[in-house]
>>> print(open('run.pdb').read())   # PDB, C-alpha atoms and all ligand atoms
MODEL        1
ATOM      1  CA  MET A   1       1.699  24.425  -1.092
ATOM      2  CA  ARG A   2       2.388  21.765  -3.739
ATOM      3  CA  ILE A   3       5.940  20.462  -4.023
ATOM      4  CA  LEU A   4       7.516  18.283  -6.736
ATOM      5  CA  ILE A   5      10.611  16.396  -5.631
ATOM      6  CA  SER A   6      13.123  14.682  -7.918
ATOM      7  CA  ASN A   7      16.756  13.569  -7.916
ATOM      8  CA  ASP A   8      19.371  11.950 -10.156
ATOM      9  CA  ASP A   9      20.562   9.084  -7.973
ATOM     10  CA  GLY A  10      17.378   7.151  -8.742
ATOM     11  CA  TYR A  11      13.973   6.666  -7.102
ATOM     12  CA  LEU A  12      15.376   4.172  -4.575
ATOM     13  CA  ALA A  13      18.182   6.475  -3.380
ATOM     14  CA  PRO A  14      18.412   7.195   0.363
ATOM     15  CA  GLY A  15      18.857  10.906  -0.346
ATOM     16  CA  LEU A  16      15.484  11.130  -2.095
ATOM     17  CA  ALA A  17      13.627   9.285   0.670
ATOM     18  CA  ALA A  18      15.297  11.462   3.309
ATOM     19  CA  LEU A  19      14.367  14.696   1.508
ATOM     20  CA  VAL A  20      10.755  13.604   0.984
ATOM     21  CA  LYS A  21      10.405  12.553   4.641
ATOM     22  CA  ALA A  22      11.968  15.790   5.861
ATOM     23  CA  CYS A  23       9.525  17.859   3.801
ATOM     24  CA  GLU A  24       6.412  16.068   5.073
ATOM     25  CA  GLY A  25       3.917  18.573   6.417
ATOM     26  CA  LEU A  26       5.124  21.415   4.186
ATOM     27  CA  GLY A  27       2.431  20.645   1.625
ATOM     28  CA  GLU A  28       1.242  18.098  -0.935
ATOM     29  CA  ILE A  29       4.288  16.244  -2.268
ATOM     30  CA  ASP A  30       4.664  14.443  -5.589
ATOM     31  CA  VAL A  31       7.836  12.563  -6.472
ATOM     32  CA  ILE A  32       9.235  11.653  -9.885
ATOM     33  CA  ALA A  33      12.770  10.334 -10.220
ATOM     34  CA  PRO A  34      14.883   8.303 -12.655
ATOM     35  CA  GLU A  35      14.534   4.502 -12.618
ATOM     36  CA  GLN A  36      18.344   4.235 -12.702
ATOM     37  CA  ASN A  37      21.172   6.362 -11.349
ATOM     38  CA  ALA A  38      21.485   9.302 -13.746
ATOM     39  CA  SER A  39      24.447  11.082 -12.230
ATOM     40  CA  GLY A  40      26.258  13.298 -14.711
ATOM     41  CA  THR A  41      23.383  13.422 -17.218
ATOM     42  CA  SER A  42      23.053  17.191 -16.941
ATOM     43  CA  ASN A  43      19.971  18.708 -18.631
ATOM     44  CA  SER A  44      19.631  15.956 -21.241
ATOM     45  CA  LEU A  45      16.150  15.136 -22.512
ATOM     46  CA  THR A  46      15.299  11.772 -24.102
ATOM     47  CA  LEU A  47      13.914  12.550 -27.569
ATOM     48  CA  ASN A  48      14.734   9.394 -29.571
ATOM     49  CA  ARG A  49      12.505   6.922 -27.716
ATOM     50  CA  PRO A  50       9.335   6.946 -25.618
ATOM     51  CA  LEU A  51       9.521   7.160 -21.834
ATOM     52  CA  ASN A  52       7.841   4.858 -19.317
ATOM     53  CA  VAL A  53       6.551   6.129 -15.990
ATOM     54  CA  HIS A  54       5.597   3.693 -13.221
ATOM     55  CA  ARG A  55       4.581   4.034  -9.576
ATOM     56  CA  ALA A  56       6.546   2.387  -6.789
ATOM     57  CA  ALA A  57       4.807   0.926  -3.757
ATOM     58  CA  ASN A  58       5.565   4.124  -1.793
ATOM     59  CA  GLY A  59       3.818   6.248  -4.421
ATOM     60  CA  PHE A  60       7.006   7.618  -5.992
ATOM     61  CA  ARG A  61       6.823   7.793  -9.778
ATOM     62  CA  TYR A  62       9.919   6.579 -11.613
ATOM     63  CA  VAL A  63      10.791   7.346 -15.221
ATOM     64  CA  SER A  64      12.883   5.388 -17.718
ATOM     65  CA  GLY A  65      14.925   8.495 -18.460
ATOM     66  CA  THR A  66      16.883  11.406 -17.061
ATOM     67  CA  PRO A  67      16.065  13.738 -14.173
ATOM     68  CA  SER A  68      15.160  16.451 -16.689
ATOM     69  CA  ASP A  69      12.831  13.983 -18.475
ATOM     70  CA  GLY A  70      10.953  13.322 -15.256
ATOM     71  CA  VAL A  71      10.482  16.940 -14.240
ATOM     72  CA  HIS A  72       9.686  17.924 -17.839
ATOM     73  CA  LEU A  73       6.965  15.243 -18.081
ATOM     74  CA  ALA A  74       5.611  16.236 -14.669
ATOM     75  CA  LEU A  75       5.342  19.917 -15.521
ATOM     76  CA  SER A  76       4.109  19.571 -19.082
ATOM     77  CA  GLY A  77       1.088  17.367 -18.392
ATOM     78  CA  LEU A  78       1.770  14.359 -16.192
ATOM     79  CA  LEU A  79       0.945  16.058 -12.869
ATOM     80  CA  GLY A  80      -2.051  17.963 -14.196
ATOM     81  CA  TYR A  81      -1.183  20.929 -11.984
ATOM     82  CA  ARG A  82       1.648  23.454 -11.499
ATOM     83  CA  PRO A  83       3.645  22.911  -8.315
ATOM     84  CA  ASP A  84       4.652  25.884  -6.185
ATOM     85  CA  LEU A  85       8.167  24.544  -5.631
ATOM     86  CA  VAL A  86      10.532  21.991  -7.215
ATOM     87  CA  LEU A  87      13.174  20.322  -5.066
ATOM     88  CA  SER A  88      15.935  17.940  -6.171
ATOM     89  CA  GLY A  89      18.248  15.673  -4.150
ATOM     90  CA  ILE A  90      19.679  15.090  -1.737
ATOM     91  CA  ASN A  91      22.619  14.166  -3.991
ATOM     92  CA  ASN A  92      25.221  11.572  -3.041
ATOM     93  CA  GLY A  93      28.186  13.941  -3.205
ATOM     94  CA  ALA A  94      28.910  17.543  -4.038
ATOM     95  CA  ASN A  95      27.608  19.724  -6.821
ATOM     96  CA  MET A  96      29.992  22.599  -6.609
ATOM     97  CA  GLY A  97      31.705  24.707  -9.238
ATOM     98  CA  ASP A  98      31.879  22.982 -12.611
ATOM     99  CA  ASP A  99      29.890  20.001 -11.276
ATOM    100  CA  THR A 100      26.735  22.026 -11.683
ATOM    101  CA  LEU A 101      27.058  21.862 -15.497
ATOM    102  CA  TYR A 102      27.152  18.055 -15.523
ATOM    103  CA  SER A 103      24.848  17.461 -12.586
ATOM    104  CA  GLY A 104      21.565  15.628 -12.980
ATOM    105  CA  THR A 105      20.535  16.866  -9.535
ATOM    106  CA  VAL A 106      20.960  20.491 -10.518
ATOM    107  CA  ALA A 107      19.369  19.732 -13.890
ATOM    108  CA  ALA A 108      16.157  18.466 -12.283
ATOM    109  CA  ALA A 109      15.844  21.746 -10.384
ATOM    110  CA  THR A 110      16.848  23.723 -13.485
ATOM    111  CA  GLU A 111      13.954  22.115 -15.383
ATOM    112  CA  GLY A 112      11.568  23.506 -12.765
ATOM    113  CA  TYR A 113      13.246  26.900 -13.059
ATOM    114  CA  LEU A 114      12.862  26.821 -16.851
ATOM    115  CA  PHE A 115       9.121  26.377 -16.264
ATOM    116  CA  GLY A 116       9.214  29.491 -14.055
ATOM    117  CA  ILE A 117       8.881  27.579 -10.781
ATOM    118  CA  PRO A 118      11.068  28.322  -7.720
ATOM    119  CA  SER A 119      13.519  25.408  -7.551
ATOM    120  CA  ILE A 120      16.221  24.196  -5.188
ATOM    121  CA  ALA A 121      18.881  21.475  -5.646
ATOM    122  CA  PHE A 122      20.372  19.850  -2.533
ATOM    123  CA  SER A 123      23.662  17.911  -2.335
ATOM    124  CA  GLN A 124      25.846  16.563   0.411
ATOM    125  CA  ALA A 125      29.438  17.748   0.139
ATOM    126  CA  GLU A 126      30.825  14.206   0.490
ATOM    127  CA  LYS A 127      29.692  10.933  -1.082
ATOM    128  CA  GLY A 128      28.477   8.018   1.042
ATOM    129  CA  TRP A 129      25.330   9.496   2.686
ATOM    130  CA  GLY A 130      27.116  10.180   5.975
ATOM    131  CA  GLU A 131      24.947  12.266   8.364
ATOM    132  CA  LEU A 132      22.128  12.188   5.803
ATOM    133  CA  GLU A 133      19.408  12.848   8.390
ATOM    134  CA  ALA A 134      21.154  16.069   9.417
ATOM    135  CA  ALA A 135      21.338  17.067   5.749
ATOM    136  CA  ALA A 136      17.613  16.370   5.370
ATOM    137  CA  ARG A 137      16.819  18.534   8.409
ATOM    138  CA  THR A 138      18.986  21.240   6.882
ATOM    139  CA  ALA A 139      17.191  20.993   3.545
ATOM    140  CA  ARG A 140      13.776  21.342   5.212
ATOM    141  CA  SER A 141      15.016  24.322   7.209
ATOM    142  CA  VAL A 142      16.323  26.011   4.058
ATOM    143  CA  VAL A 143      12.992  25.372   2.305
ATOM    144  CA  GLU A 144      11.113  26.866   5.271
ATOM    145  CA  GLN A 145      13.448  29.875   5.242
ATOM    146  CA  VAL A 146      12.899  30.379   1.502
ATOM    147  CA  ILE A 147       9.111  30.020   1.825
ATOM    148  CA  ALA A 148       9.074  32.461   4.742
ATOM    149  CA  GLY A 149      10.926  35.009   2.608
ATOM    150  CA  GLY A 150       8.318  34.724  -0.130
ATOM    151  CA  LEU A 151       8.652  32.449  -3.157
ATOM    152  CA  GLY A 152       8.017  35.350  -5.574
ATOM    153  CA  GLN A 153       9.327  34.856  -9.111
ATOM    154  CA  GLY A 154      11.061  31.668 -10.193
ATOM    155  CA  PHE A 155      14.563  31.210  -8.853
ATOM    156  CA  LEU A 156      17.184  28.452  -8.875
ATOM    157  CA  LEU A 157      19.260  27.716  -5.769
ATOM    158  CA  ASN A 158      22.086  25.211  -5.490
ATOM    159  CA  VAL A 159      22.636  24.078  -1.884
ATOM    160  CA  ASN A 160      25.648  22.043  -0.707
ATOM    161  CA  ILE A 161      25.562  20.687   2.828
ATOM    162  CA  PRO A 162      28.607  19.470   4.808
ATOM    163  CA  ASN A 163      28.296  15.842   5.969
ATOM    164  CA  ARG A 164      28.051  16.771   9.646
ATOM    165  CA  ALA A 165      25.693  15.741  12.448
ATOM    166  CA  ASP A 166      25.223  19.456  13.256
ATOM    167  CA  ALA A 167      24.629  20.492   9.614
ATOM    168  CA  ASP A 168      21.235  22.008  10.474
ATOM    169  CA  LYS A 169      22.935  24.214  13.057
ATOM    170  CA  LEU A 170      25.687  25.430  10.759
ATOM    171  CA  PRO A 171      25.705  29.000   9.447
ATOM    172  CA  ARG A 172      24.438  29.466   5.908
ATOM    173  CA  LYS A 173      26.396  31.397   3.329
ATOM    174  CA  ILE A 174      25.318  32.839  -0.014
ATOM    175  CA  THR A 175      28.127  31.851  -2.357
ATOM    176  CA  ARG A 176      29.346  31.942  -5.942
ATOM    177  CA  LEU A 177      30.425  28.839  -7.839
ATOM    178  CA  GLY A 178      34.104  27.987  -7.555
ATOM    179  CA  ARG A 179      36.037  26.196 -10.305
ATOM    180  CA  ARG A 180      37.652  22.778 -10.501
ATOM    181  CA  HIS A 181      40.830  21.767 -12.239
ATOM    182  CA  SER A 182      40.225  19.540 -15.258
ATOM    183  CA  ALA A 183      39.093  16.032 -14.356
ATOM    184  CA  GLU A 184      41.692  13.389 -13.554
ATOM    185  CA  ALA A 185      42.975  11.015 -16.242
ATOM    186  CA  ILE A 186      40.678   8.365 -17.727
ATOM    187  CA  ILE A 187      40.826   4.842 -16.296
ATOM    188  CA  GLU A 188      41.631   2.279 -18.990
ATOM    189  CA  GLN A 189      40.792  -1.410 -18.441
ATOM    190  CA  VAL A 190      40.351  -4.632 -20.414
ATOM    191  CA  SER A 191      36.843  -6.104 -20.288
ATOM    192  CA  PRO A 192      36.235  -9.844 -19.655
ATOM    193  CA  ARG A 193      35.759 -10.038 -23.446
ATOM    194  CA  GLY A 194      39.159  -8.553 -24.153
ATOM    195  CA  GLU A 195      37.922  -5.097 -25.207
ATOM    196  CA  ILE A 196      39.643  -1.933 -24.086
ATOM    197  CA  ILE A 197      37.149  -0.024 -21.899
ATOM    198  CA  TYR A 198      37.395   3.399 -20.319
ATOM    199  CA  TRP A 199      36.056   5.025 -17.180
ATOM    200  CA  ILE A 200      35.780   8.779 -16.690
ATOM    201  CA  GLY A 201      38.371   9.724 -14.082
ATOM    202  CA  PRO A 202      37.628  11.469 -10.769
ATOM    203  CA  ALA A 203      36.588  15.114 -10.726
ATOM    204  CA  GLY A 204      39.421  17.597 -10.533
ATOM    205  CA  ASP A 205      40.239  19.215  -7.192
ATOM    206  CA  ALA A 206      39.014  22.708  -6.521
ATOM    207  CA  ARG A 207      41.084  25.344  -8.354
ATOM    208  CA  ASP A 208      39.097  28.445  -7.384
ATOM    209  CA  ALA A 209      38.048  27.733  -3.791
ATOM    210  CA  GLY A 210      38.622  31.163  -2.338
ATOM    211  CA  ALA A 211      36.467  33.035   0.138
ATOM    212  CA  GLY A 212      32.954  33.476  -1.206
ATOM    213  CA  THR A 213      32.908  30.219  -3.164
ATOM    214  CA  ASP A 214      30.810  27.133  -2.514
ATOM    215  CA  PHE A 215      33.991  25.111  -1.981
ATOM    216  CA  HIS A 216      35.240  27.537   0.668
ATOM    217  CA  ALA A 217      31.926  27.637   2.527
ATOM    218  CA  THR A 218      31.490  23.865   2.830
ATOM    219  CA  ALA A 219      35.157  23.398   3.749
ATOM    220  CA  ASN A 220      34.690  25.899   6.562
ATOM    221  CA  GLY A 221      31.593  24.514   8.247
ATOM    222  CA  GLN A 222      28.959  26.478   6.363
ATOM    223  CA  VAL A 223      25.968  25.436   4.277
ATOM    224  CA  SER A 224      26.553  26.877   0.798
ATOM    225  CA  ILE A 225      23.585  28.434  -1.026
ATOM    226  CA  THR A 226      24.380  29.544  -4.601
ATOM    227  CA  PRO A 227      21.780  31.313  -6.749
ATOM    228  CA  LEU A 228      22.139  30.070 -10.354
ATOM    229  CA  GLN A 229      21.038  31.404 -13.745
ATOM    230  CA  VAL A 230      20.843  29.731 -17.128
ATOM    231  CA  ASP A 231      21.922  32.647 -19.378
ATOM    232  CA  LEU A 232      25.207  31.304 -20.801
ATOM    233  CA  THR A 233      25.869  34.484 -22.802
ATOM    234  CA  GLU A 234      29.289  35.974 -22.071
ATOM    235  CA  HIS A 235      27.878  39.491 -21.922
ATOM    236  CA  ALA A 236      31.277  41.079 -21.158
ATOM    237  CA  SER A 237      32.663  39.994 -24.551
ATOM    238  CA  LEU A 238      29.756  41.008 -26.795
ATOM    239  CA  GLY A 239      31.427  44.276 -27.802
ATOM    240  CA  SER A 240      34.860  42.794 -28.369
ATOM    241  CA  TRP A 241      33.458  40.032 -30.597
ATOM    242  CA  ALA A 242      31.563  42.581 -32.662
ATOM    243  CA  GLN A 243      34.836  44.475 -33.041
ATOM    244  CA  ARG A 244      36.906  41.343 -33.792
ATOM    245  CA  LEU A 245      34.483  40.335 -36.526
ATOM    246  CA  GLY A 246      33.968  43.861 -37.843
ATOM    247  CA  LEU A 247      30.235  43.724 -37.055
TER     248      LEU A 247
HETATM  249  N1  LIG A 301      34.815  13.767 -13.651
HETATM  250  C1  LIG A 301      34.083  13.293 -12.626
HETATM  251  N2  LIG A 301      33.103  14.067 -12.142
HETATM  252  C2  LIG A 301      32.401  13.556 -11.113
HETATM  253  C3  LIG A 301      32.639  12.305 -10.534
HETATM  254  N3  LIG A 301      31.724  12.114  -9.530
HETATM  255  C4  LIG A 301      30.978  13.220  -9.485
HETATM  256  N4  LIG A 301      31.379  14.079 -10.439
HETATM  257  C5  LIG A 301      30.839  15.382 -10.688
HETATM  258  O1  LIG A 301      29.915  15.676  -9.675
HETATM  259  C6  LIG A 301      28.609  15.684 -10.231
HETATM  260  C7  LIG A 301      27.679  14.914  -9.323
HETATM  261  O2  LIG A 301      26.435  15.404  -9.538
HETATM  262  P1  LIG A 301      25.183  14.533  -9.941
HETATM  263  O3  LIG A 301      24.057  15.396  -9.475
HETATM  264  O4  LIG A 301      25.262  14.393 -11.441
HETATM  265  O5  LIG A 301      25.293  13.212  -9.225
HETATM  266  C8  LIG A 301      28.683  15.032 -11.568
HETATM  267  O6  LIG A 301      27.693  15.494 -12.419
HETATM  268  C9  LIG A 301      30.090  15.402 -12.007
HETATM  269  O7  LIG A 301      30.124  16.699 -12.501
HETATM  270  C10 LIG A 301      33.691  11.520 -11.077
HETATM  271  O8  LIG A 301      33.959  10.394 -10.644
HETATM  272  N5  LIG A 301      34.380  12.064 -12.119
ENDMDL
END
>>> encode(input="run.pdb", output="structure tokens")
Amino acid sequence: MRILISNDDGYLAPGLAALVKACEGLGEIDVIAPEQNASGTSNSLTLNRPLNVHRAANGFRYVSGTPSDGVHLALSGLLGYRPDLVLSGINNGANMGDDTLYSGTVAAATEGYLFGIPSIAFSQAEKGWGELEAAARTARSVVEQVIAGGLGQGFLLNVNIPNRADADKLPRKITRLGRRHSAEAIIEQVSPRGEIIYWIGPAGDARDAGAGTDFHATANGQVSITPLQVDLTEHASLGSWAQRLGL
């Protein structure tokens, strides 16, 4: 078993170290992660400048780009082999509902999926790394469960873990993505140089958090496991658009 592990919080993030440590013994592990925090960078690739890749003292590679850059480089030549599994995380905070479209953590796993490799993204439901070791034990247990069931064809799973000391004992729930309300208002400030500057506001609260969603599962003491796909086609409206446009 060969496993590639990445993240979006950066190669020095506690969540990455915890995931790598928890997966020790499952197989040969390679790590590539962004040099800087790349939260919110989604599936962006860096095409307008070259990328640097260096090795940290602990053997982790770090890339001067996005999570997708790192996994893309790894799988298209840098590693020199095809891993059996791609893991990403453990993210500092949730990736539920709409988050998954912006998420660098999910994007790193999605890059593996786009190369046809079974891939799993792991996030803690709350920011701050509370009960991280329990989340890491949970992540390893989920990976073992997935391996035991047969890796088969490529798949993409998005796992959100409650920040609880007993997270690895919590029931697991296959869920669908919920939805958030629109993000909160921007934060406007004046820089020390007198310029108006803006911060993106906080994520919106959950709007669709009903039974069966990732929000509902993590709020009710369950580990949420959501299978994702990348086909953005709105298949249900194909016919109506053809009709609307007389095609
Ligand atoms: N509008 C905002 N969205 C936020 C904020 N903090 C997090 N988020 C969302 O969550 C994901 C985190 O995932 P990551 O893997 O990228 O770290 C992020 O992408 C956003 O969608 C926030 O302060 N405001």
>>> resolve_selection(input="run.pdb", expression="the PyMOL selection byres (((chain A and resi 142-157) around 6) and not hetatm)", output="short mmCIF file (atom, residue, chain, number, x, y, z; two decimals) with C-alpha atoms, in the coordinates of the input")
data_model
loop_
_atom_site.label_atom_id
_atom_site.label_comp_id
_atom_site.auth_asym_id
_atom_site.auth_seq_id
_atom_site.Cartn_x
_atom_site.Cartn_y
_atom_site.Cartn_z
CA TYR A 113 13.25 26.90 -13.06
CA GLY A 116 9.21 29.49 -14.06
CA ILE A 117 8.88 27.58 -10.78
CA PRO A 118 11.07 28.32 -7.72
CA SER A 119 13.52 25.41 -7.55
CA ILE A 120 16.22 24.20 -5.19
CA ALA A 139 17.19 20.99 3.54
CA ARG A 140 13.78 21.34 5.21
CA SER A 141 15.02 24.32 7.21
CA ASN A 158 22.09 25.21 -5.49
CA THR A 226 24.38 29.54 -4.60
CA PRO A 227 21.78 31.31 -6.75
CA LEU A 228 22.14 30.07 -10.35
#
>>> closest_atom_pairs(input="run.pdb", of="chain A", to="ligand LIG 301 (chain A)", cutoff="6 Å", atoms="all atoms listed in the file", output="CSV")
residue,atom,partner,partner_atom,distance
A:Asp8,CA,A:LIG301,O3,5.9
A:Ser39,CA,A:LIG301,O4,3.5
A:Gly40,CA,A:LIG301,O6,3.5
A:Asn91,CA,A:LIG301,O3,5.8
A:Asn95,CA,A:LIG301,O2,5.2
A:Asp99,CA,A:LIG301,O7,3.5
A:Tyr102,CA,A:LIG301,O6,4.1
A:Ser103,CA,A:LIG301,O4,3.3
A:Gly104,CA,A:LIG301,O4,4.2
A:Thr105,CA,A:LIG301,O3,3.8
A:Ala183,CA,A:LIG301,N1,4.9
A:Ile200,CA,A:LIG301,N5,5.8
A:Gly201,CA,A:LIG301,N5,5.0
A:Pro202,CA,A:LIG301,N5,3.6
A:Ala203,CA,A:LIG301,C1,3.6
>>> resolve_selection(input="run.pdb", expression="the PyMOL selection byres (((chain A and resi 38) around 12) and not hetatm)", output="PDB file with C-alpha atoms, in the frame of the given file")
ATOM      1  CA  SER A   6      13.123  14.682  -7.918  1.00  0.00           C
ATOM      2  CA  ASN A   7      16.756  13.569  -7.916  1.00  0.00           C
ATOM      3  CA  ASP A   8      19.371  11.950 -10.156  1.00  0.00           C
ATOM      4  CA  ASP A   9      20.562   9.084  -7.973  1.00  0.00           C
ATOM      5  CA  GLY A  10      17.378   7.151  -8.742  1.00  0.00           C
ATOM      6  CA  TYR A  11      13.973   6.666  -7.102  1.00  0.00           C
ATOM      7  CA  ALA A  13      18.182   6.475  -3.380  1.00  0.00           C
ATOM      8  CA  ALA A  33      12.770  10.334 -10.220  1.00  0.00           C
ATOM      9  CA  PRO A  34      14.883   8.303 -12.655  1.00  0.00           C
ATOM     10  CA  GLU A  35      14.534   4.502 -12.618  1.00  0.00           C
ATOM     11  CA  GLN A  36      18.344   4.235 -12.702  1.00  0.00           C
ATOM     12  CA  ASN A  37      21.172   6.362 -11.349  1.00  0.00           C
ATOM     13  CA  SER A  39      24.447  11.082 -12.230  1.00  0.00           C
ATOM     14  CA  GLY A  40      26.258  13.298 -14.711  1.00  0.00           C
ATOM     15  CA  THR A  41      23.383  13.422 -17.218  1.00  0.00           C
ATOM     16  CA  SER A  42      23.053  17.191 -16.941  1.00  0.00           C
ATOM     17  CA  ASN A  43      19.971  18.708 -18.631  1.00  0.00           C
ATOM     18  CA  SER A  44      19.631  15.956 -21.241  1.00  0.00           C
ATOM     19  CA  LEU A  45      16.150  15.136 -22.512  1.00  0.00           C
ATOM     20  CA  VAL A  63      10.791   7.346 -15.221  1.00  0.00           C
ATOM     21  CA  SER A  64      12.883   5.388 -17.718  1.00  0.00           C
ATOM     22  CA  GLY A  65      14.925   8.495 -18.460  1.00  0.00           C
ATOM     23  CA  THR A  66      16.883  11.406 -17.061  1.00  0.00           C
ATOM     24  CA  PRO A  67      16.065  13.738 -14.173  1.00  0.00           C
ATOM     25  CA  SER A  68      15.160  16.451 -16.689  1.00  0.00           C
ATOM     26  CA  ASP A  69      12.831  13.983 -18.475  1.00  0.00           C
ATOM     27  CA  GLY A  70      10.953  13.322 -15.256  1.00  0.00           C
ATOM     28  CA  GLY A  89      18.248  15.673  -4.150  1.00  0.00           C
ATOM     29  CA  ASN A  91      22.619  14.166  -3.991  1.00  0.00           C
ATOM     30  CA  ASN A  92      25.221  11.572  -3.041  1.00  0.00           C
ATOM     31  CA  TYR A 102      27.152  18.055 -15.523  1.00  0.00           C
ATOM     32  CA  SER A 103      24.848  17.461 -12.586  1.00  0.00           C
ATOM     33  CA  GLY A 104      21.565  15.628 -12.980  1.00  0.00           C
ATOM     34  CA  THR A 105      20.535  16.866  -9.535  1.00  0.00           C
ATOM     35  CA  VAL A 106      20.960  20.491 -10.518  1.00  0.00           C
ATOM     36  CA  ALA A 107      19.369  19.732 -13.890  1.00  0.00           C
ATOM     37  CA  ALA A 108      16.157  18.466 -12.283  1.00  0.00           C
TER      38      ALA A 108
END
>>> resolve_selection(input="run.pdb", expression="the PyMOL selection byres (((chain A and resi 208-215) around 8) and not hetatm)", output="list in words")
Met96, Gly97, Asn160, Ile174, Thr175, Arg176, Leu177, Gly178, Arg179, Arg180, Ala206, Arg207, His216, Ala217, Thr218, Ala219, Ser224, Ile225 and Thr226 of chain A
>>> atom_distance(input="run.pdb", atom1="CA of Gly59 (chain A)", atom2="CA of Ile161 (chain A)")
27.1 Å
>>> residues_around(input="run.pdb", residues="Ile5 (chain A)", least_positions_apart="6", cutoff="9 Å", atoms="all atoms listed in the file", output="compact mmCIF listing (two decimals) with C-alpha atoms, keeping the file's coordinate frame")
# COMPACT_ATOMS: atom_id res chain seq x y z
CA LEU A 16 15.48 11.13 -2.10
CA LEU A 19 14.37 14.70 1.51
CA VAL A 20 10.76 13.60 0.98
CA ILE A 29 4.29 16.24 -2.27
CA ASP A 30 4.66 14.44 -5.59
CA VAL A 31 7.84 12.56 -6.47
CA ILE A 32 9.24 11.65 -9.88
CA ALA A 33 12.77 10.33 -10.22
CA VAL A 71 10.48 16.94 -14.24
CA LEU A 85 8.17 24.54 -5.63
CA VAL A 86 10.53 21.99 -7.22
CA LEU A 87 13.17 20.32 -5.07
CA SER A 88 15.94 17.94 -6.17
CA GLY A 89 18.25 15.67 -4.15
CA ALA A 108 16.16 18.47 -12.28
CA ALA A 109 15.84 21.75 -10.38
>>> decode(input="run.pdb", residues="region 6-22 of chain A", atoms="N, CA and C atoms", output="CSV table (one decimal), in the first residue's frame")
chain,number,residue,atom,x,y,z
A,6,SER,N,-1.7,14.9,1.8
A,6,SER,CA,-1.6,16.3,1.6
A,6,SER,C,-2.6,17.1,2.5
A,7,ASN,N,-2.6,18.4,2.4
A,7,ASN,CA,-3.5,19.2,3.2
A,7,ASN,C,-3.6,20.6,2.6
A,8,ASP,N,-4.3,21.5,3.2
A,8,ASP,CA,-4.3,22.9,2.7
A,8,ASP,C,-3.9,23.9,3.8
A,9,ASP,N,-3.7,23.4,5.0
A,9,ASP,CA,-3.3,24.3,6.1
A,9,ASP,C,-1.8,24.5,6.1
A,10,GLY,N,-1.1,23.8,5.3
A,10,GLY,CA,0.4,24.0,5.2
A,10,GLY,C,1.1,22.8,5.8
A,11,TYR,N,2.4,22.6,5.4
A,11,TYR,CA,3.1,21.4,5.7
A,11,TYR,C,3.5,21.4,7.2
A,12,LEU,N,3.4,22.5,7.9
A,12,LEU,CA,3.7,22.6,9.3
A,12,LEU,C,2.5,22.4,10.2
A,13,ALA,N,1.3,22.2,9.6
A,13,ALA,CA,0.0,22.2,10.3
A,13,ALA,C,-0.1,20.9,11.2
A,14,PRO,N,-0.6,21.1,12.5
A,14,PRO,CA,-0.7,20.0,13.4
A,14,PRO,C,-1.6,18.9,12.8
A,15,GLY,N,-2.6,19.3,12.0
A,15,GLY,CA,-3.6,18.3,11.4
A,15,GLY,C,-2.9,17.3,10.5
A,16,LEU,N,-1.9,17.9,9.7
A,16,LEU,CA,-1.2,17.0,8.8
A,16,LEU,C,-0.3,16.0,9.5
A,17,ALA,N,0.5,16.5,10.5
A,17,ALA,CA,1.4,15.7,11.3
A,17,ALA,C,0.6,14.6,12.0
A,18,ALA,N,-0.6,15.0,12.5
A,18,ALA,CA,-1.4,14.0,13.2
A,18,ALA,C,-1.9,12.9,12.3
A,19,LEU,N,-2.3,13.3,11.1
A,19,LEU,CA,-2.9,12.3,10.1
A,19,LEU,C,-1.8,11.4,9.7
A,20,VAL,N,-0.6,11.9,9.4
A,20,VAL,CA,0.6,11.1,8.9
A,20,VAL,C,0.9,10.1,10.0
A,21,LYS,N,1.0,10.6,11.3
A,21,LYS,CA,1.4,9.7,12.4
A,21,LYS,C,0.4,8.6,12.6
A,22,ALA,N,-0.9,9.0,12.5
A,22,ALA,CA,-2.0,8.0,12.7
A,22,ALA,C,-2.0,6.9,11.6
